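K.L.:
Take a look at this one; I'll ask things after.
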Number of protein chains: 2
Amino acid sequence: MSKHEEIREQQDDFNDGLTAAELESLHPADAAETIEGLDIIDQVKFIKQLPIRDAAKSIAEMEDHDQKILIQNLNHGLAARIVEEMAPDDATDLLEDLDEEHRQALLRRVPEEERAELKTLLTFDPDTAGGVMNTEVVILDQDLAPDEAIGQIREQVEDKEVPYYAYLTDRKERLVGVVSLRDLLLAKRGVPLREMVKDQNLITVGYNVDKEEVAHLIAHYNLLALPVVDFGNRLLGVVTVDDVIDIIHEEASEDMQTMVGAGANETTDSPVTFSVKKRIPWLILNVVNSAIAAYVVHLFDATIAAMALLAALMQIVSNQAGNTGQQALAVMIRQLAMEKFDRKKAWFAVLREIKIGVINSALISSMVLAVIFIATGDIMLAGCMAGALIIDMLIGALAGASIPLILKEIGRDPAQASSIFLTTITDSIGFFSFLGLATLFIL
Amino acid sequence: MSKHEEIREQQDDFNDGLTAAELESLHPADAAETIEGLDIIDQVKFIKQLPIRDAAKSIAEMEDHDQKILIQNLNHGLAARIVEEMAPDDATDLLEDLDEEHRQALLRRVPEEERAELKTLLTFDPDTAGGVMNTEVVILDQDLAPDEAIGQIREQVEDKEVPYYAYLTDRKERLVGVVSLRDLLLAKRGVPLREMVKDQNLITVGYNVDKEEVAHLIAHYNLLALPVVDFGNRLLGVVTVDDVIDIIHEEASEDMQTMVGAGANETTDSPVTFSVKKRIPWLILNVVNSAIAAYVVHLFDATIAAMALLAALMQIVSNQAGNTGQQALAVMIRQLAMEKFDRKKAWFAVLREIKIGVINSALISSMVLAVIFIATGDIMLAGCMAGALIIDMLIGALAGASIPLILKEIGRDPAQASSIFLTTITDSIGFFSFLGLATLFIL
């Protein structure tokens, strides 16, 4: 049993007889999970018993949805004190989720200085660097010596969340460099900070840059924090690595939705109308595409009228090829999302999928050949099924692997509606090859 | 244009006339991308010109596949010096990818001390905490005072990659606590470290714990590094947050593959036989499942023989419902992967999908009703299509949203083969409702 599971189990054990002291002794992330498991009346009861600091930390770790309900069930005074105690980025996330009236009620109760900061943060688009940044940064004068800098950090560090980097600014608040505590501890005495950052590859991001791009940069450069600047290169805040982990998770799983024509950013919390708007264009594309496959079948009306069983068996062919293609599709889309695009390697991967398709279609078609022959005694029918399966599964493997690459080459999202395009191809080819073979060899 | 794109463009610009000095001035992550874009002869040429330290840093950032080819094209002496210069976890990753002969040739050329460490690291399963951990940790005696500790860190820090936490061990090398540089800077003078960590919620992970669980723990507790221990609680190393970002990315996109019956950990680099083994069981399940849908069609052989057009049109119904279901499926699977499971909220999400299904099926079926009526003049046929579409798209929405929850409730992976189960349902119900309605009202 892993540590994580152990903790969960402990939580389950004492959920019934939970005391505030026990809750206080938990890591805020675990306290948050425990609180989420309680009903709202108990949630409020425990939050009232916790020290404000612990309450704020635990609430910051709760899911957006649970957080919002809990805060709206606390009295305004307590809720405002909790918001005030939270890191400004967490407080902003929370305030964004509340309805306007509630948000204003809490903001009015927060002291002037914090209120001004929260109001500024609320002006940033929540999907941009400005919307996810933390404003509690350690700022140092570039003329300080390392030991003076460490002294200053000691003074500033208590109420800052991210003290592993300190930021150097000039007189006009423009960012000129970043030093880590590690750099400061290693630095020669007496050399001013400005000398330490002279040849630095300073990586910054504009406040209006999309948060997914921010996550990319942090992952690409292995950063713990990335400074956010305005157009004048003035330091506004930092985005820390723990804040981008959720963004990376969200983004990595988007393709699963877009490949079937759902919206990239749909969640189970999205309004119904939002989801309808995102999905209906692709459903319309799908109906048009499946009309193509239906037309192919229609070409063989005479064949089907003569032997209706073919209409049943053709499903098996198209389904099998569809599934084969989707397996190739999923592996390719994921690869394109994980790695830098390498054209040669990508087309090599298509070849790999074809090889897999050759083996899988040989295995499946032999199996189907045997079963259909045993069931019907009709070797021609069994042969047509097997032949169509081989043709269509190979086409499926080729199409599944190629569609994301083709979308990529023409500058589109490699996942978008790819499953819909794939099915059109495997259905049409499957019906055509099976009904065609049957027309030639059986009738 | 974002910072990242700008850098890429600059790289494209000077790829032709690239000099070693330019390469040296890049961030190692960008140098790695630039090197990957060169042919292997130029790659070797530039690596030979770079200082060993820069070469090691850049190669550590390259994709596994490119890294392996480059190292195998360098002479053993240079390759071994580069491996020696890399962080032990990066060096181990690289050595694991090489073939046995090459690995041994490089290890023989690495100095005794580093060799022993790399050999130990190579014994850990690469998919576990031990396989991804870094062994360069700062270890302090728990009896030190904070200022003494800072002094010790100053001495140790130069060749350690992760100096933001220091680990306290007892005489038997057992881990007793973790202090951050921040804690040390804030600490009262004279109080020994052991007092600082007395009531600490120490979070550790066993060396044999799966790397995905390690990534979960780091994300859950917002850690920058997680200590890895053996069964005697002795400190072996740490996993840092930058090392788990790729793991999180991989894991988040796995579901896309498992939902269609490809292997969770398949990549375009997996051997063909590995992929065949992972996929064939699900393809067999799919063929059995599509036989069920085929049997449903077979029940209506007489209907189809009387009106072969129905065999063409039934595709449109089943396809539409399949796509509707897949959209619901993808959104549900993603939600289950992103958030802690909340039964009430999950079934509420099913209701949401049904609402979306009601609207989408009303829109699509009206459209199809109109088109079929205009095309064929047959209002009964158009009505049967529209009716079957509404029934099957609603079933699709319900099934797509419920299947992951049912799999979850019975303790299975919510994504595994879910798309295959869904298609069986939407095909069978689609064929049955359309052919059934047609039998009743048209023939």
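Chain identifiers are assigned as A, B, and so on, following the order in which chains appear in the structure tokens; residues are numbered from 1 within each chain, and ligands are numbered from 1 in order of appearance.
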Residues near Val205 in chain A, anyone? I mean within 7 Å using only C-alpha atoms, not counting same-chain ones fewer than 3 positions away, as a PyMOL selection string.

P.N.:
(chain A and resi 209+227-229) or (chain B and resi 3)

K.L.:
Write down, as a PyMOL selection string, each residue of chain A that has any atom within 6 Å of an atom of chain B, counting only C-alpha atoms.

P.N.:
chain A and resi 29+154+185+221-222+242+249+252-253+256-257+260+262+268+272+290+294+297-298+301+304-305+308-309+311-313+316+327+330+349+356

K.L.:
Produce a file of the selected residues containing N, CA and C atoms, as a short mmCIF file (atom, residue, chain, number, x, y, z; two decimals), in the first residue's frame.

P.N.:
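Printed below is selection.cif as written:
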data_model
loop_
_atom_site.label_atom_id
_atom_site.label_comp_id
_atom_site.auth_asym_id
_atom_site.auth_seq_id
_atom_site.Cartn_x
_atom_site.Cartn_y
_atom_site.Cartn_z
N ALA A 29 -3.01 19.47 2.03
CA ALA A 29 -3.58 18.76 0.87
C ALA A 29 -4.46 17.60 1.34
N ARG A 154 16.22 37.12 4.23
CA ARG A 154 15.79 36.73 5.57
C ARG A 154 14.66 37.63 6.07
N LEU A 185 24.43 31.52 -2.18
CA LEU A 185 25.27 30.80 -1.22
C LEU A 185 26.64 30.48 -1.82
N TYR A 221 12.29 24.43 -19.78
CA TYR A 221 13.52 24.92 -19.14
C TYR A 221 13.72 24.38 -17.73
N ASN A 222 12.91 23.41 -17.32
CA ASN A 222 13.04 22.84 -15.97
C ASN A 222 13.07 23.91 -14.89
N ASP A 242 4.44 24.29 -9.25
CA ASP A 242 3.29 23.54 -8.72
C ASP A 242 1.98 24.06 -9.31
N HIS A 249 -1.53 18.67 -16.89
CA HIS A 249 -2.43 17.53 -16.86
C HIS A 249 -3.65 17.77 -17.76
N ALA A 252 -2.62 17.76 -21.49
CA ALA A 252 -2.23 16.46 -22.04
C ALA A 252 -3.44 15.58 -22.31
N SER A 253 -4.55 15.85 -21.60
CA SER A 253 -5.71 14.97 -21.78
C SER A 253 -6.77 15.59 -22.70
N MET A 256 -7.90 13.68 -26.15
CA MET A 256 -8.91 12.62 -26.08
C MET A 256 -10.28 13.18 -26.44
N GLN A 257 -10.53 14.42 -26.03
CA GLN A 257 -11.82 15.04 -26.32
C GLN A 257 -11.91 15.56 -27.75
N VAL A 260 -12.65 13.16 -30.83
CA VAL A 260 -14.02 12.74 -31.13
C VAL A 260 -14.96 13.93 -31.30
N ALA A 262 -15.33 16.67 -29.19
CA ALA A 262 -15.81 17.43 -28.03
C ALA A 262 -14.86 18.62 -27.87
N THR A 268 -16.91 18.43 -16.84
CA THR A 268 -18.26 18.08 -16.40
C THR A 268 -18.92 19.26 -15.70
N VAL A 272 -24.29 23.25 -20.16
CA VAL A 272 -24.78 22.38 -21.23
C VAL A 272 -24.70 23.09 -22.59
N SER A 290 -20.91 10.08 -42.48
CA SER A 290 -21.48 8.74 -42.48
C SER A 290 -22.45 8.57 -43.65
N ALA A 294 -22.81 5.45 -46.11
CA ALA A 294 -24.14 4.93 -46.43
C ALA A 294 -24.33 4.85 -47.95
N VAL A 297 -22.80 1.76 -49.33
CA VAL A 297 -23.66 0.59 -49.14
C VAL A 297 -24.80 0.60 -50.16
N HIS A 298 -25.36 1.79 -50.37
CA HIS A 298 -26.47 1.97 -51.30
C HIS A 298 -26.11 1.47 -52.71
N ASP A 301 -27.14 -2.11 -53.21
CA ASP A 301 -28.52 -2.48 -52.84
C ASP A 301 -28.92 -3.84 -53.41
N ILE A 304 -27.27 -6.69 -51.52
CA ILE A 304 -27.85 -6.87 -50.19
C ILE A 304 -29.25 -7.46 -50.28
N ALA A 305 -30.03 -7.01 -51.27
CA ALA A 305 -31.38 -7.55 -51.44
C ALA A 305 -31.30 -9.05 -51.71
N ALA A 308 -29.30 -10.75 -47.57
CA ALA A 308 -29.40 -9.75 -46.50
C ALA A 308 -28.37 -9.98 -45.40
N LEU A 309 -27.89 -11.22 -45.25
CA LEU A 309 -26.89 -11.53 -44.24
C LEU A 309 -25.63 -10.65 -44.38
N ALA A 311 -25.46 -7.55 -44.96
CA ALA A 311 -25.63 -6.29 -44.24
C ALA A 311 -25.25 -6.45 -42.77
N ALA A 312 -25.47 -7.66 -42.25
CA ALA A 312 -25.08 -7.92 -40.86
C ALA A 312 -23.57 -8.06 -40.74
N LEU A 313 -22.99 -8.86 -41.65
CA LEU A 313 -21.56 -9.17 -41.53
C LEU A 313 -20.66 -7.98 -41.85
N ILE A 316 -19.07 -6.12 -38.96
CA ILE A 316 -17.90 -6.68 -38.28
C ILE A 316 -16.63 -6.17 -38.95
N GLN A 327 -6.63 2.66 -32.59
CA GLN A 327 -5.44 2.34 -31.79
C GLN A 327 -4.22 3.07 -32.36
N ALA A 330 -4.58 6.93 -31.69
CA ALA A 330 -4.30 7.36 -30.32
C ALA A 330 -2.80 7.41 -30.05
N ALA A 349 6.96 6.03 -37.96
CA ALA A 349 5.95 5.50 -37.04
C ALA A 349 4.72 4.98 -37.80
N ILE A 356 2.16 -3.48 -37.59
CA ILE A 356 1.24 -3.99 -36.56
C ILE A 356 -0.08 -4.40 -37.22
#

K.L.:
Hey, can you check how far CA of Ala129 in chain A sits from CA of Thr240 in chain B?

P.N.:
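Taking CA of Ala129 in chain A and CA of Thr240 in chain B, their separation equals 23.4 Å.
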
K.L.:
Identify, with DSSP run on backbone atoms, the residues in range 7-244 of chain B assigned to alpha helix (DSSP H), and express the list as number ranges by chain.

P.N.:
B: 7-14, 20-25, 28-36, 40-49, 52-60, 64-73, 76-85, 88-97, 100-109, 112-122, 129-132, 146-156, 181-186, 193-196, 211-220, 241-244

K.L.:
Which is closer to Gly237 in chain A than all the others in A:Asn134, A:Asn208, A:Gln142, A:Thr439, using only C-alpha atoms?

P.N.:
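Ranking A:Asn134, A:Asn208, A:Gln142, A:Thr439 by distance to Gly237 in chain A, first place goes to A:Asn134.
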
K.L.:
Hey, can you check how far CA of Met62 in chain B sits from CA of Glu84 in chain B?

P.N.:
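Distance between the two atoms: 16.7 Å.
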
K.L.:
If you run DSSP on this backbone, which residues of range 87-325 of chain A come out as strand (DSSP E or B), and could you give them as a PyMOL selection string?

P.N.:
chain A and resi 128+134+138-141+165-169+174-180+205-206+210+225-229+234-240

K.L.:
Restricting the calculation to only C-alpha atoms, which member of A:Lys119, A:Arg103, A:Lys211, A:Arg81 is positioned closest to Lys68 in chain A?

P.N.:
A:Arg103

K.L.:
Using only C-alpha atoms, which of the listed residues (B:Ala20, B:Lys48, B:Asp143, B:Phe421) sits closest to Gly190 in chain B?

P.N.:
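For Gly190 in chain B, the nearest of the candidates is B:Asp143.
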